[in-house]
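Peer 1: My structure is stored as upload21.txt, with compact mmCIF, C-alpha atoms.
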# COMPACT_ATOMS: atom_id res chain seq x y z
CA MET N 1 161.78 -227.51 -34.83
CA SER N 2 162.11 -223.76 -34.84
CA THR N 3 165.38 -222.46 -33.53
CA MET N 4 164.06 -219.17 -32.22
CA PRO N 5 161.83 -218.79 -29.19
CA ASP N 6 158.19 -217.85 -29.83
CA CYS N 7 158.22 -215.17 -27.18
CA ASP N 8 161.14 -212.79 -26.97
CA LYS N 9 161.20 -213.14 -23.19
CA VAL N 10 161.99 -216.85 -23.24
CA LEU N 11 165.73 -216.33 -23.13
CA LEU N 12 165.20 -214.11 -20.11
CA VAL N 13 163.26 -216.91 -18.43
CA GLN N 14 166.29 -219.07 -18.97
CA ALA N 15 168.64 -216.34 -17.72
CA GLU N 16 166.57 -216.08 -14.55
CA LEU N 17 166.82 -219.86 -13.99
CA ASP N 18 170.57 -219.59 -14.50
CA GLY N 19 170.84 -216.83 -11.92
CA GLU N 20 171.91 -214.25 -14.49
CA LEU N 21 169.21 -211.63 -13.85
CA GLY N 22 169.33 -208.78 -11.38
CA ALA N 23 166.50 -208.29 -8.90
CA ALA N 24 164.74 -205.58 -10.92
CA GLU N 25 164.87 -207.56 -14.17
CA ALA N 26 163.66 -210.69 -12.38
CA ALA N 27 160.68 -208.83 -10.91
CA ALA N 28 159.70 -207.42 -14.31
CA LEU N 29 160.01 -210.87 -15.83
CA ALA N 30 157.87 -212.47 -13.12
CA ALA N 31 155.09 -210.02 -13.95
CA HIS N 32 155.33 -210.95 -17.62
CA CYS N 33 155.44 -214.71 -16.98
CA ALA N 34 152.28 -214.61 -14.92
CA GLU N 35 150.45 -213.77 -18.14
CA CYS N 36 152.49 -215.56 -20.80
CA PRO N 37 151.73 -219.26 -21.38
CA ILE N 38 154.71 -219.56 -23.76
CA CYS N 39 157.12 -218.50 -21.05
CA GLU N 40 155.42 -220.75 -18.54
CA THR N 41 155.86 -223.76 -20.83
CA ALA N 42 159.42 -222.76 -21.59
CA ALA N 43 160.26 -222.54 -17.89
CA ALA N 44 158.88 -226.04 -17.32
CA GLU N 45 160.88 -227.40 -20.24
CA LEU N 46 164.09 -225.70 -19.11
CA MET N 47 163.68 -227.06 -15.61
CA GLN N 48 163.11 -230.52 -16.98
CA ALA N 49 166.33 -230.30 -18.99
CA ARG N 50 168.25 -229.04 -15.99
CA ALA N 51 166.89 -231.81 -13.79
CA LEU N 52 168.18 -234.37 -16.27
CA MET N 53 171.70 -233.08 -15.80
CA ARG N 54 171.56 -232.83 -12.05
CA ASP N 55 174.19 -235.39 -11.20
CA GLY N 56 176.54 -238.10 -12.30
CA LEU N 57 177.54 -236.55 -15.62
CA TYR N 58 180.73 -234.79 -14.66
CA GLN N 59 183.76 -236.63 -15.98
CA PRO N 60 186.82 -235.86 -13.87
CA ALA N 61 190.18 -237.13 -15.06
CA PRO N 62 190.60 -240.79 -14.08
CA GLU N 63 193.66 -241.51 -11.99
CA ASP N 64 195.62 -243.21 -14.78
CA VAL N 65 194.98 -240.32 -17.19
CA ARG N 66 196.01 -237.84 -14.52
CA GLN N 67 199.26 -239.66 -13.96
CA ARG N 68 200.06 -239.85 -17.66
CA VAL N 69 199.36 -236.14 -18.10
CA MET N 70 201.51 -235.23 -15.12
CA ALA N 71 204.30 -237.45 -16.42
CA SER N 72 204.29 -235.85 -19.86
CA LEU N 73 204.19 -232.36 -18.37
CA SER N 74 207.14 -233.18 -16.13
CA ALA N 75 209.03 -234.49 -19.13
CA ALA N 76 208.29 -231.27 -21.01
CA ARG N 77 209.47 -229.06 -18.18
CA PRO N 78 213.17 -228.64 -19.03
CA GLN N 79 212.36 -227.31 -22.52
CA GLN N 80 209.51 -225.16 -21.28
CA ALA N 81 211.38 -223.67 -18.36
CA GLN N 82 213.09 -221.12 -20.60
CA SER N 83 209.87 -219.74 -22.05
CA ALA N 84 208.08 -219.77 -18.75
CA HIS N 85 210.85 -217.76 -17.14
CA ALA N 86 209.37 -214.44 -18.23
CA ALA N 87 206.37 -215.06 -16.02
CA ALA N 88 208.40 -215.13 -12.85
CA PRO N 89 208.00 -211.61 -11.48
CA ARG N 90 204.25 -211.38 -12.03
CA PHE N 91 203.85 -214.85 -10.77
CA SER N 92 205.66 -214.38 -7.53
CA GLN N 93 203.02 -211.87 -6.47
CA TRP N 94 200.27 -214.38 -6.99
CA TRP N 95 202.22 -217.02 -5.42
CA ARG N 96 203.76 -215.42 -2.37
CA GLY N 97 203.12 -217.36 0.73
CA TRP N 98 201.60 -220.46 -0.70
CA TRP N 99 203.93 -222.12 -3.08
CA SER N 100 206.88 -223.80 -1.54
CA ASN N 101 210.00 -222.77 -3.38
CA GLY N 102 211.65 -225.91 -2.20
CA ALA N 103 209.46 -228.04 -4.39
CA SER N 104 210.47 -226.27 -7.55
CA PHE N 105 214.08 -225.47 -6.78
CA GLY N 106 216.35 -226.45 -9.64
CA LEU N 107 213.50 -227.25 -12.03
CA GLY N 108 212.79 -223.75 -13.24
CA ALA N 109 210.76 -222.16 -10.50
CA ALA N 110 208.47 -220.17 -12.75
CA CYS N 111 207.64 -223.21 -14.81
CA ALA N 112 206.88 -225.31 -11.79
CA ALA N 113 204.77 -222.47 -10.48
CA ALA N 114 202.90 -222.32 -13.78
CA LEU N 115 202.21 -226.01 -13.53
CA ALA N 116 201.02 -225.70 -10.00
CA PHE N 117 198.88 -222.73 -10.92
CA LEU N 118 197.15 -224.71 -13.62
CA LEU N 119 196.82 -227.90 -11.71
CA LEU N 120 196.79 -227.22 -8.04
CA THR N 121 194.82 -224.03 -7.61
CA PRO N 122 191.50 -225.20 -6.28
CA ALA N 123 188.94 -223.35 -8.35
CA LEU N 124 186.82 -220.86 -6.47
CA PRO N 125 183.25 -222.01 -7.05
CA PRO N 126 181.97 -219.37 -9.48
CA GLY N 127 178.41 -219.39 -8.19
CA LEU N 128 179.52 -218.92 -4.61
CA THR N 129 181.91 -216.12 -5.51
CA ASP N 130 179.01 -214.21 -7.05
CA GLN N 131 176.83 -214.89 -4.01
CA VAL N 132 179.51 -213.51 -1.71
CA VAL N 133 179.78 -210.33 -3.77
CA ALA N 134 175.99 -209.98 -3.89
CA SER N 135 175.80 -210.33 -0.09
CA HIS N 136 178.52 -207.74 0.32
CA VAL N 137 176.74 -205.27 -1.94
CA ARG N 138 173.42 -205.89 -0.18
CA ALA N 139 175.06 -205.32 3.19
CA LEU N 140 176.32 -201.92 2.03
CA GLN N 141 172.76 -200.65 1.56
CA PRO N 142 171.79 -198.25 4.37
CA GLY N 143 170.88 -200.08 7.57
CA HIS N 144 171.96 -203.54 6.40
CA LEU N 145 175.56 -203.67 7.48
CA GLU N 146 175.36 -204.99 11.01
CA ASP N 147 172.81 -206.58 13.33
CA VAL N 148 175.11 -206.05 16.27
CA ALA N 149 177.27 -202.93 16.15
CA SER N 150 180.25 -203.21 18.42
CA GLU N 151 183.99 -202.91 18.35
CA ASP N 152 184.23 -205.46 21.14
CA ARG N 153 184.64 -209.04 20.05
CA HIS N 154 183.33 -210.14 23.45
CA THR N 155 180.04 -208.51 22.48
CA VAL N 156 179.96 -209.67 18.87
CA LYS N 157 180.85 -213.32 19.46
CA PRO N 158 178.15 -214.07 22.08
CA TRP N 159 175.58 -212.32 19.91
CA PHE N 160 175.78 -215.25 17.48
CA ASP N 161 174.98 -217.76 20.27
CA GLY N 162 171.66 -219.39 19.54
CA ARG N 163 171.42 -217.70 16.16
CA LEU N 164 173.75 -220.13 14.39
CA ASP N 165 174.50 -223.81 14.80
CA PHE N 166 178.20 -223.02 15.15
CA ALA N 167 180.34 -220.53 17.04
CA PRO N 168 182.25 -218.36 14.57
CA PRO N 169 185.70 -217.16 15.64
CA VAL N 170 185.74 -213.39 16.14
CA LYS N 171 189.08 -211.62 16.24
CA ASP N 172 190.21 -208.15 17.13
CA LEU N 173 192.51 -206.73 14.45
CA VAL N 174 192.73 -203.13 15.67
CA ALA N 175 196.51 -203.43 16.04
CA GLU N 176 196.66 -204.30 12.37
CA ARG N 177 194.45 -201.32 11.49
CA PHE N 178 191.40 -203.42 10.68
CA PRO N 179 188.97 -202.48 13.46
CA LEU N 180 185.93 -204.67 14.01
CA ILE N 181 182.69 -202.71 13.68
CA GLY N 182 180.06 -205.40 14.10
CA GLY N 183 178.45 -208.60 12.89
CA ARG N 184 175.26 -209.87 11.35
CA LEU N 185 173.58 -213.00 10.14
CA ASP N 186 173.70 -213.69 6.44
CA TYR N 187 172.74 -216.54 4.14
CA LEU N 188 175.23 -218.13 1.74
CA ASP N 189 175.81 -221.45 0.05
CA GLY N 190 172.39 -222.62 1.22
CA ARG N 191 172.97 -222.03 4.92
CA PRO N 192 172.98 -219.29 7.56
CA VAL N 193 176.46 -217.87 8.02
CA ALA N 194 178.20 -215.35 10.27
CA ALA N 195 179.20 -212.07 8.67
CA LEU N 196 181.84 -210.10 10.55
CA VAL N 197 182.27 -206.50 9.54
CA TYR N 198 185.69 -204.88 9.61
CA GLN N 199 186.88 -201.55 8.41
CA ARG N 200 189.99 -200.19 6.77
CA ASP N 201 189.94 -196.40 6.60
CA LYS N 202 186.55 -195.75 4.94
CA HIS N 203 186.31 -199.18 3.36
CA VAL N 204 184.14 -202.00 4.64
CA ILE N 205 185.41 -205.57 4.69
CA ASN N 206 182.83 -208.31 5.08
CA LEU N 207 184.19 -211.58 6.39
CA PHE N 208 181.78 -214.49 5.95
CA VAL N 209 182.38 -217.53 8.13
CA TRP N 210 180.82 -220.95 8.20
CA PRO N 211 181.93 -224.49 9.00
CA GLY N 212 184.00 -226.12 6.29
CA ALA N 213 186.47 -228.93 6.10
CA GLY N 214 190.15 -228.72 5.31
CA ASP N 215 192.87 -226.20 5.58
CA THR N 216 193.36 -224.30 2.34
CA PRO N 217 195.60 -221.29 1.73
CA PRO N 218 194.08 -217.98 0.63
CA GLN N 219 192.96 -217.69 -2.98
CA THR N 220 192.05 -214.45 -4.65
CA ALA N 221 189.34 -213.48 -7.05
CA GLU N 222 187.91 -210.27 -8.45
CA ARG N 223 184.29 -209.53 -9.32
CA GLN N 224 182.68 -206.29 -10.37
CA GLY N 225 185.56 -204.28 -8.96
CA TYR N 226 185.49 -206.04 -5.59
CA ASN N 227 188.36 -208.12 -4.32
CA LEU N 228 187.73 -211.46 -2.67
CA MET N 229 189.81 -213.88 -0.66
CA HIS N 230 188.86 -217.34 0.38
CA TRP N 231 190.58 -219.73 2.74
CA SER N 232 189.80 -222.51 5.22
CA GLN N 233 191.30 -222.83 8.63
CA GLY N 234 190.45 -224.61 11.86
CA GLY N 235 187.30 -226.26 10.51
CA MET N 236 185.87 -222.98 9.19
CA SER N 237 185.53 -221.63 5.69
CA PHE N 238 186.25 -217.90 5.24
CA TRP N 239 185.33 -215.44 2.51
CA ALA N 240 186.55 -211.87 2.74
CA VAL N 241 185.21 -209.32 0.28
CA SER N 242 185.82 -205.61 0.00
CA ASP N 243 186.57 -202.71 -2.27
CA VAL N 244 189.97 -202.21 -0.62
CA GLU N 245 193.01 -202.87 -2.76
CA ALA N 246 193.87 -206.50 -3.33
CA ALA N 247 197.13 -206.05 -1.41
CA GLN N 248 195.28 -204.74 1.66
CA LEU N 249 192.79 -207.57 1.56
CA LYS N 250 195.70 -210.01 1.42
CA GLU N 251 197.12 -208.26 4.47
CA PHE N 252 193.77 -208.63 6.18
CA ALA N 253 193.65 -212.35 5.44
CA ALA N 254 197.23 -212.82 6.59
CA ASP N 255 196.58 -210.89 9.82
CA TRP N 256 193.42 -212.84 10.48
CA ARG N 257 195.15 -216.15 9.93
CA LYS N 258 198.06 -215.41 12.25
CA THR N 259 196.05 -213.76 15.03
CA PRO N 260 195.24 -216.35 17.69
CA MET D 261 193.22 -231.59 -5.58
CA LEU D 262 193.63 -231.02 -9.29
CA PRO D 263 190.33 -229.36 -10.18
CA HIS D 264 191.54 -227.54 -13.30
CA LEU D 265 192.73 -230.83 -14.70
CA ASP D 266 189.33 -232.34 -13.94
CA ALA D 267 187.59 -229.44 -15.68
CA ALA D 268 189.89 -229.78 -18.67
CA HIS D 269 189.24 -233.51 -18.85
CA ASN D 270 185.50 -233.11 -18.44
CA LEU D 271 185.29 -230.72 -21.39
CA ALA D 272 187.65 -232.79 -23.55
CA ARG D 273 185.69 -235.93 -22.78
CA TRP D 274 182.37 -234.32 -23.72
CA LEU D 275 183.75 -232.84 -26.92
CA MET D 276 185.55 -235.94 -28.15
CA ARG D 277 183.97 -239.23 -29.07
CA ASP D 278 186.12 -241.65 -27.12
CA PRO D 279 188.36 -241.67 -24.03
CA ALA D 280 191.57 -242.10 -26.04
CA SER D 281 191.09 -239.03 -28.21
CA ALA D 282 189.92 -237.07 -25.16
CA GLU D 283 193.17 -237.95 -23.42
CA ASP D 284 195.19 -236.90 -26.48
CA VAL D 285 193.40 -233.55 -26.49
CA LEU D 286 193.96 -233.17 -22.75
CA GLN D 287 197.70 -233.90 -23.06
CA GLU D 288 198.09 -231.49 -25.94
CA ALA D 289 196.06 -228.76 -24.23
CA MET D 290 198.00 -229.02 -20.96
CA LEU D 291 201.29 -228.73 -22.85
CA ARG D 292 200.00 -225.70 -24.73
CA ALA D 293 198.82 -224.15 -21.48
CA LEU D 294 202.24 -224.64 -19.98
CA THR D 295 203.92 -223.10 -23.02
CA TYR D 296 201.62 -220.10 -23.25
CA PHE D 297 201.27 -219.46 -19.56
CA PRO D 298 203.77 -216.53 -19.66
CA SER D 299 201.42 -214.61 -21.94
CA PHE D 300 198.36 -215.27 -19.80
CA ARG D 301 197.12 -211.94 -18.38
CA GLY D 302 193.63 -212.81 -17.21
CA VAL D 303 192.17 -213.53 -13.80
CA ASN D 304 190.35 -216.72 -14.71
CA PRO D 305 192.86 -219.52 -15.26
CA ARG D 306 190.17 -222.17 -15.48
CA GLY D 307 188.33 -220.36 -18.28
CA TRP D 308 191.61 -219.81 -20.05
CA LEU D 309 192.50 -223.49 -19.81
CA LEU D 310 189.04 -224.53 -21.02
CA GLN D 311 189.48 -222.25 -24.00
CA ILE D 312 192.74 -224.02 -24.85
CA VAL D 313 191.08 -227.42 -24.44
CA ARG D 314 188.30 -226.37 -26.77
CA ASN D 315 190.67 -225.02 -29.42
CA THR D 316 192.75 -228.17 -29.22
CA ALA D 317 189.68 -230.39 -29.53
CA TYR D 318 188.40 -228.49 -32.55
CA ALA D 319 191.82 -228.66 -34.19
CA SER D 320 191.96 -232.39 -33.55
CA MET D 321 188.50 -232.92 -35.02
CA ASN D 322 189.43 -231.03 -38.16
CA LEU D 323 192.52 -233.18 -38.56
CA ASN D 324 190.46 -236.32 -38.17
CA ARG D 325 187.49 -235.20 -40.17
CA GLY D 326 185.44 -238.15 -41.23
CA VAL D 327 186.43 -240.25 -38.26
CA GLU D 328 184.41 -238.12 -35.90
CA LEU D 329 180.99 -238.84 -37.36
CA VAL D 330 178.35 -238.56 -34.72
CA SER D 331 176.42 -241.68 -33.99
CA LEU D 332 173.06 -241.11 -32.35
CA THR D 333 173.09 -244.51 -30.77
CA SER D 334 176.72 -244.64 -29.74
CA ALA D 335 177.12 -246.88 -26.74
CA PRO D 336 178.66 -245.44 -23.60
CA ASP D 337 182.30 -246.37 -23.42
CA GLU D 338 184.08 -248.13 -20.62
CA GLY D 339 185.69 -244.98 -19.27
CA ASN D 340 182.26 -243.57 -18.53
CA ASP D 341 180.95 -246.68 -16.96
CA VAL D 342 183.65 -246.91 -14.35
CA ILE D 343 182.41 -243.70 -12.82
CA ALA D 344 178.76 -244.18 -13.55
CA GLN D 345 178.68 -247.57 -11.94
CA LEU D 346 180.34 -246.66 -8.69
CA PRO D 347 177.74 -247.48 -6.08
CA SER D 348 176.59 -244.40 -4.22
CA GLY D 349 176.53 -246.21 -0.91
CA ASP D 350 173.03 -245.66 0.31
CA ASP D 351 171.01 -247.13 -2.55
CA ASP D 352 170.09 -250.76 -2.97
CA PRO D 353 171.56 -252.46 -6.06
CA GLU D 354 168.35 -252.23 -8.04
CA THR D 355 167.97 -248.48 -7.51
CA THR D 356 171.62 -248.04 -8.40
CA LEU D 357 171.10 -249.96 -11.61
CA ILE D 358 168.09 -247.89 -12.61
CA LYS D 359 169.97 -244.69 -11.86
CA THR D 360 172.94 -245.88 -13.91
CA ARG D 361 170.69 -246.68 -16.87
CA GLU D 362 168.99 -243.31 -16.66
CA ARG D 363 172.32 -241.58 -16.53
CA ASP D 364 173.56 -243.49 -19.55
CA ARG D 365 170.47 -242.48 -21.49
CA VAL D 366 170.91 -238.82 -20.58
CA ARG D 367 174.56 -239.10 -21.52
CA GLN D 368 173.64 -240.45 -24.94
CA MET D 369 171.08 -237.69 -25.46
CA ILE D 370 173.69 -235.05 -24.67
CA ALA D 371 176.29 -236.79 -26.83
CA ALA D 372 173.80 -236.69 -29.71
CA LEU D 373 173.53 -232.89 -29.57
CA PRO D 374 175.44 -230.89 -32.19
CA ILE D 375 178.84 -230.01 -30.79
CA GLU D 376 178.21 -226.25 -30.49
CA LEU D 377 175.10 -226.91 -28.40
CA ARG D 378 176.77 -229.67 -26.41
CA GLU D 379 179.77 -227.57 -25.41
CA THR D 380 177.57 -224.68 -24.30
CA LEU D 381 175.43 -227.01 -22.22
CA VAL D 382 178.43 -228.72 -20.62
CA LEU D 383 180.13 -225.42 -19.78
CA ARG D 384 176.95 -224.14 -18.16
CA GLU D 385 175.55 -227.18 -16.38
CA LEU D 386 178.68 -229.13 -15.52
CA GLU D 387 181.37 -226.46 -15.29
CA GLU D 388 178.83 -223.93 -14.00
CA LEU D 389 180.34 -221.06 -15.94
CA SER D 390 178.42 -217.80 -16.22
CA TYR D 391 177.12 -216.68 -19.62
CA LYS D 392 179.97 -214.22 -19.79
CA GLU D 393 182.56 -216.89 -19.06
CA ILE D 394 181.04 -219.22 -21.67
CA ALA D 395 181.14 -216.38 -24.18
CA GLU D 396 184.83 -215.94 -23.43
CA VAL D 397 185.68 -219.63 -23.69
CA THR D 398 183.75 -220.14 -26.93
CA ARG D 399 184.43 -216.65 -28.35
CA MET D 400 180.75 -216.15 -29.07
CA PRO D 401 178.51 -213.18 -28.27
CA ILE D 402 176.47 -213.67 -25.08
CA GLY D 403 173.27 -213.65 -27.16
CA THR D 404 174.55 -216.66 -29.10
CA VAL D 405 175.44 -218.42 -25.86
CA MET D 406 171.91 -217.85 -24.60
CA SER D 407 170.18 -219.11 -27.73
CA ARG D 408 172.47 -222.14 -28.00
CA LEU D 409 171.83 -223.02 -24.40
CA TRP D 410 168.12 -222.68 -24.97
CA ARG D 411 168.21 -224.91 -28.03
CA ALA D 412 170.37 -227.49 -26.29
CA ARG D 413 168.02 -227.70 -23.31
CA ARG D 414 164.96 -227.82 -25.47
CA LEU D 415 166.38 -230.66 -27.58
CA LEU D 416 167.34 -232.49 -24.42
CA ALA D 417 163.87 -232.12 -22.93
CA GLN D 418 162.30 -233.30 -26.19
CA ALA D 419 164.63 -236.30 -26.38
CA ALA D 420 163.69 -237.21 -22.81
CA ARG D 421 160.00 -237.04 -23.65
CA ARG D 422 160.49 -239.23 -26.71
CA ASP D 423 162.49 -241.63 -24.58
CA GLU D 424 159.68 -241.86 -22.03
CA ALA D 425 157.07 -242.37 -24.70
CA ALA D 426 159.05 -245.17 -26.35
Could you spell out this file's structure in structure tokens?

Peer 2:
Amino acid sequence: MSTMPDCDKVLLVQAELDGELGAAEAAALAAHCAECPICETAAAELMQARALMRDGLYQPAPEDVRQRVMASLSAARPQQAQSAHAAAPRFSQWWRGWWSNGASFGLGAACAAALAFLLLTPALPPGLTDQVVASHVRALQPGHLEDVASEDRHTVKPWFDGRLDFAPPVKDLVAERFPLIGGRLDYLDGRPVAALVYQRDKHVINLFVWPGAGDTPPQTAERQGYNLMHWSQGGMSFWAVSDVEAAQLKEFAADWRKTP
Amino acid sequence: MLPHLDAAHNLARWLMRDPASAEDVLQEAMLRALTYFPSFRGVNPRGWLLQIVRNTAYASMNLNRGVELVSLTSAPDEGNDVIAQLPSGDDDPETTLIKTRERDRVRQMIAALPIELRETLVLRELEELSYKEIAEVTRMPIGTVMSRLWRARRLLAQAARRDEAA
């Protein structure tokens, strides 16, 4: 079997299926594929291969393995604590607010934090993170930011009635210097979601809200120069994204979470 | 929730031939991660951990060269079956059995891929890393990631067709 594609666009076909192409590249590729039987065949083959791997192949750590790993890491802690100590200052910034010091007290806090960072941080789903950033960028195009422009949450909240199958919480954060400027419908993670638009100075913060289980503390991520925060609270899943500084976005998330 | 540990195990299990050596690699990699964490400066701890798992697995395979010969017909091991055979709840036993068999066949086809194709495929399809992230974990140019992924998928599709024809 040859190892190189017969048409130099085949790898782009694959990149499109993997969600790696921008809109302009995808459009150009679609025009090419309409006339290229090689690419058409390749697309069918790639989709077949992907379908084969759709489910049941992921191999999470079985419970007994997990316990043995945790046990050996705990045993290694006293020796490692010294070397992990240097990480403490940087770490505390990451960790502020959502690692209980009590749990690690006496064991080498930085080391315990390192462990928790590796093991306990729920991974932000990479695909979703990119979707959130893409939605944010799209919303910043002229005329796309809000469907309902209002600083009054009693106007914004009812606007979603009948447009979504849930009632998103809408909060007024003017006192915290994050004024509400409106809301709109958006589409993320395969479902319609509420997008609330806030502002900090000249910067726009999009807060995406949809129903989600659990109560998870804020996690941060960075993509293409944008900062993101994700948390769950009160049966809703939240994603905040903005070009404000990471510290300000953290403030925003903290204010949102404590405001009734 | 220990999702990074699951990701680390998933990669180790797909790279190594049996559950025991996968667990050894996992243990070793987690210890290394703990030791080197102070020098970690990135923003993607999962990718960083996967990179350590991969390096550890490759080191282990070099040490045990000769033992790690790839068998195209290697039977799925018990560790796999425990998960694969969990009933999904809404299927009747027969459907469940067929699904389990199909999954085992796909698993064998993937296990039969050369390791550099297999790891790329697993990182993309199961860990859902972006091309860029895969390039970082495997220290390969993105172009190499793309062509490896393409070859892996093509081999997989061909194996599936042969399987159907047989």

Peer 1: With the cut-off set at 12 Å and counting only C-alpha atoms, tabulate each residue of region 262-314 of chain D with an atom at most that distance from an atom of region 392-409 of chain D, showing the nearest atom pair and its distance in Å to one decimal, ordered by chain and increasing number, as a tab-separated table.

Peer 2:
residue	atom	partner	partner_atom	distance
D:Leu271	CA	D:Val397	CA	11.3
D:Gly302	CA	D:Glu396	CA	11.2
D:Val303	CA	D:Glu393	CA	11.5
D:Asn304	CA	D:Glu393	CA	8.9
D:Pro305	CA	D:Val397	CA	11.1
D:Arg306	CA	D:Val397	CA	9.7
D:Gly307	CA	D:Val397	CA	6.1
D:Trp308	CA	D:Val397	CA	7.0
D:Leu309	CA	D:Val397	CA	8.7
D:Leu310	CA	D:Val397	CA	6.5
D:Gln311	CA	D:Val397	CA	4.6
D:Ile312	CA	D:Val397	CA	8.4
D:Val313	CA	D:Val397	CA	9.5
D:Arg314	CA	D:Thr398	CA	7.7

Peer 1: Take the residues that were just selected and, keeping C-alpha atoms, output them as a short mmCIF file (atom, residue, chain, number, x, y, z; two decimals), keeping the file's coordinate frame.

Peer 2:
data_model
loop_
_atom_site.label_atom_id
_atom_site.label_comp_id
_atom_site.auth_asym_id
_atom_site.auth_seq_id
_atom_site.Cartn_x
_atom_site.Cartn_y
_atom_site.Cartn_z
CA LEU D 271 185.29 -230.72 -21.39
CA GLY D 302 193.63 -212.81 -17.21
CA VAL D 303 192.17 -213.53 -13.80
CA ASN D 304 190.35 -216.72 -14.71
CA PRO D 305 192.86 -219.52 -15.26
CA ARG D 306 190.17 -222.17 -15.48
CA GLY D 307 188.33 -220.36 -18.28
CA TRP D 308 191.61 -219.81 -20.05
CA LEU D 309 192.50 -223.49 -19.81
CA LEU D 310 189.04 -224.53 -21.02
CA GLN D 311 189.48 -222.25 -24.00
CA ILE D 312 192.74 -224.02 -24.85
CA VAL D 313 191.08 -227.42 -24.44
CA ARG D 314 188.30 -226.37 -26.77
#

Peer 1: Please compute the CA of Ala417 (chain D)-CA of Leu389 (chain D) distance, one decimal, in Å.

Peer 2: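 Computing it gives 21.0 Å between the two atoms.
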
Peer 1: Quick check, in Å to one decimal: how far apart do CA of Arg277 (chain D) and CA of Met369 (chain D) lie?

Peer 2: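 So the two atoms, CA of Arg277 (chain D) and CA of Met369 (chain D), lie 13.5 Å apart.
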
Peer 1: For CA of Ala267 (chain D) and CA of Pro60 (chain N), determine how far apart the two atoms are, in Å to one decimal place.

Peer 2: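 Pair CA of Ala267 (chain D) / CA of Pro60 (chain N) returns 6.7 Å.
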
Peer 1: Select, from N:Asp172, N:Asn227, N:Tyr187, N:Val193, the residue with the minimum atom-to-atom distance to chain D, counting only C-alpha atoms.

Peer 2: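 Closest to chain D of all the choices is N:Asn227.
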
Peer 1: Do you know which residues are at most 9 Å from Ala43 (chain N) counting all atoms listed in the file, after dropping those on the same chain fewer than 2 positions away, and could you put them as a list in words?

Peer 2: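 Answer for this query is Val10, Val13, Gln14, Leu17, Ile38, Cys39, Glu40, Thr41, Glu45, Leu46, Met47 and Gln48 of chain N.
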
Peer 1: Please return, as an mmCIF file with C-alpha atoms, keeping the file's coordinate frame, all polymer residues that have at least one atom within 7 Å of the point (170.1, -226.5, -26.2); use only C-alpha atoms and the file's own coordinate frame.

Peer 2:
data_model
loop_
_atom_site.group_PDB
_atom_site.id
_atom_site.type_symbol
_atom_site.label_atom_id
_atom_site.label_comp_id
_atom_site.auth_asym_id
_atom_site.auth_seq_id
_atom_site.Cartn_x
_atom_site.Cartn_y
_atom_site.Cartn_z
ATOM 1 C CA LEU D 377 175.100 -226.910 -28.400
ATOM 2 C CA LEU D 381 175.430 -227.010 -22.220
ATOM 3 C CA ARG D 408 172.470 -222.140 -28.000
ATOM 4 C CA LEU D 409 171.830 -223.020 -24.400
ATOM 5 C CA TRP D 410 168.120 -222.680 -24.970
ATOM 6 C CA ARG D 411 168.210 -224.910 -28.030
ATOM 7 C CA ALA D 412 170.370 -227.490 -26.290
ATOM 8 C CA ARG D 413 168.020 -227.700 -23.310
ATOM 9 C CA ARG D 414 164.960 -227.820 -25.470
ATOM 10 C CA LEU D 415 166.380 -230.660 -27.580
ATOM 11 C CA LEU D 416 167.340 -232.490 -24.420
#

Peer 1: Find, counting all atoms listed in the file, the residue in D:Asp423, D:Glu362, D:Asp266, D:Glu387 that gets nearest to chain N.

Peer 2: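 Closest to chain N of all the choices is D:Asp266.
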
Peer 1: Name the residues in contact with Asp255 (chain N) at a cut-off of 10 Å, using all atoms listed in the file, excluding same-chain residues fewer than 6 positions from it; report them as an NGL selection string.

Peer 2: :N and (171 or 173 or 175-178 or 249)

Peer 1: Between N:Met70, N:Ala167, N:Ala221, N:Ala61, single out the one closest to Ala272 (chain D), counting all atoms listed in the file.

Peer 2: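 Among the listed residues, the smallest separation from Ala272 (chain D) belongs to N:Ala61.
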
Peer 1: Between N:Leu145, N:Ala253, N:Ile181, N:Leu196, which one has atoms that come closest to Pro168 (chain N), using all atoms listed in the file?

Peer 2: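 Going through N:Leu145, N:Ala253, N:Ile181, N:Leu196 one by one, the smallest distance to Pro168 (chain N) is for N:Leu196.
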
Peer 1: I'd like the contact shell of Pro192 (chain N) - 7 Å cut-off, only C-alpha atoms, skipping same-chain residues fewer than 6 positions apart - returned as an NGL selection string.

Peer 2: :N and (164 or 185-186)

Peer 1: Quick one: residues within 12 Å of Ala27 (chain N), all atoms listed in the file, excluding same-chain residues fewer than 5 positions away - as a PyMOL selection string?

Peer 2: chain N and resi 12-13+16+21-22+32-34

Peer 1: Determine the nearest neighbour of Gly182 (chain N) from the options N:Ser72, N:Ser150, N:Asn206, N:Thr155, counting only C-alpha atoms.

Peer 2: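 Closest to Gly182 (chain N) of all the choices is N:Ser150.
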
Peer 1: For a quick check of understanding, using all atoms listed in the file, which of D:Thr355, D:Thr360, D:Ser320, D:Thr380 has the smallest distance to chain N?

Peer 2: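 Closest candidate: D:Thr360.
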
Peer 1: Give me the residues within 8 Å of Phe238 (chain N) as a ChimeraX atom specification, counting only C-alpha atoms and dropping any in the same chain fewer than 3 places off.

Peer 2: /N:207-210,229-233
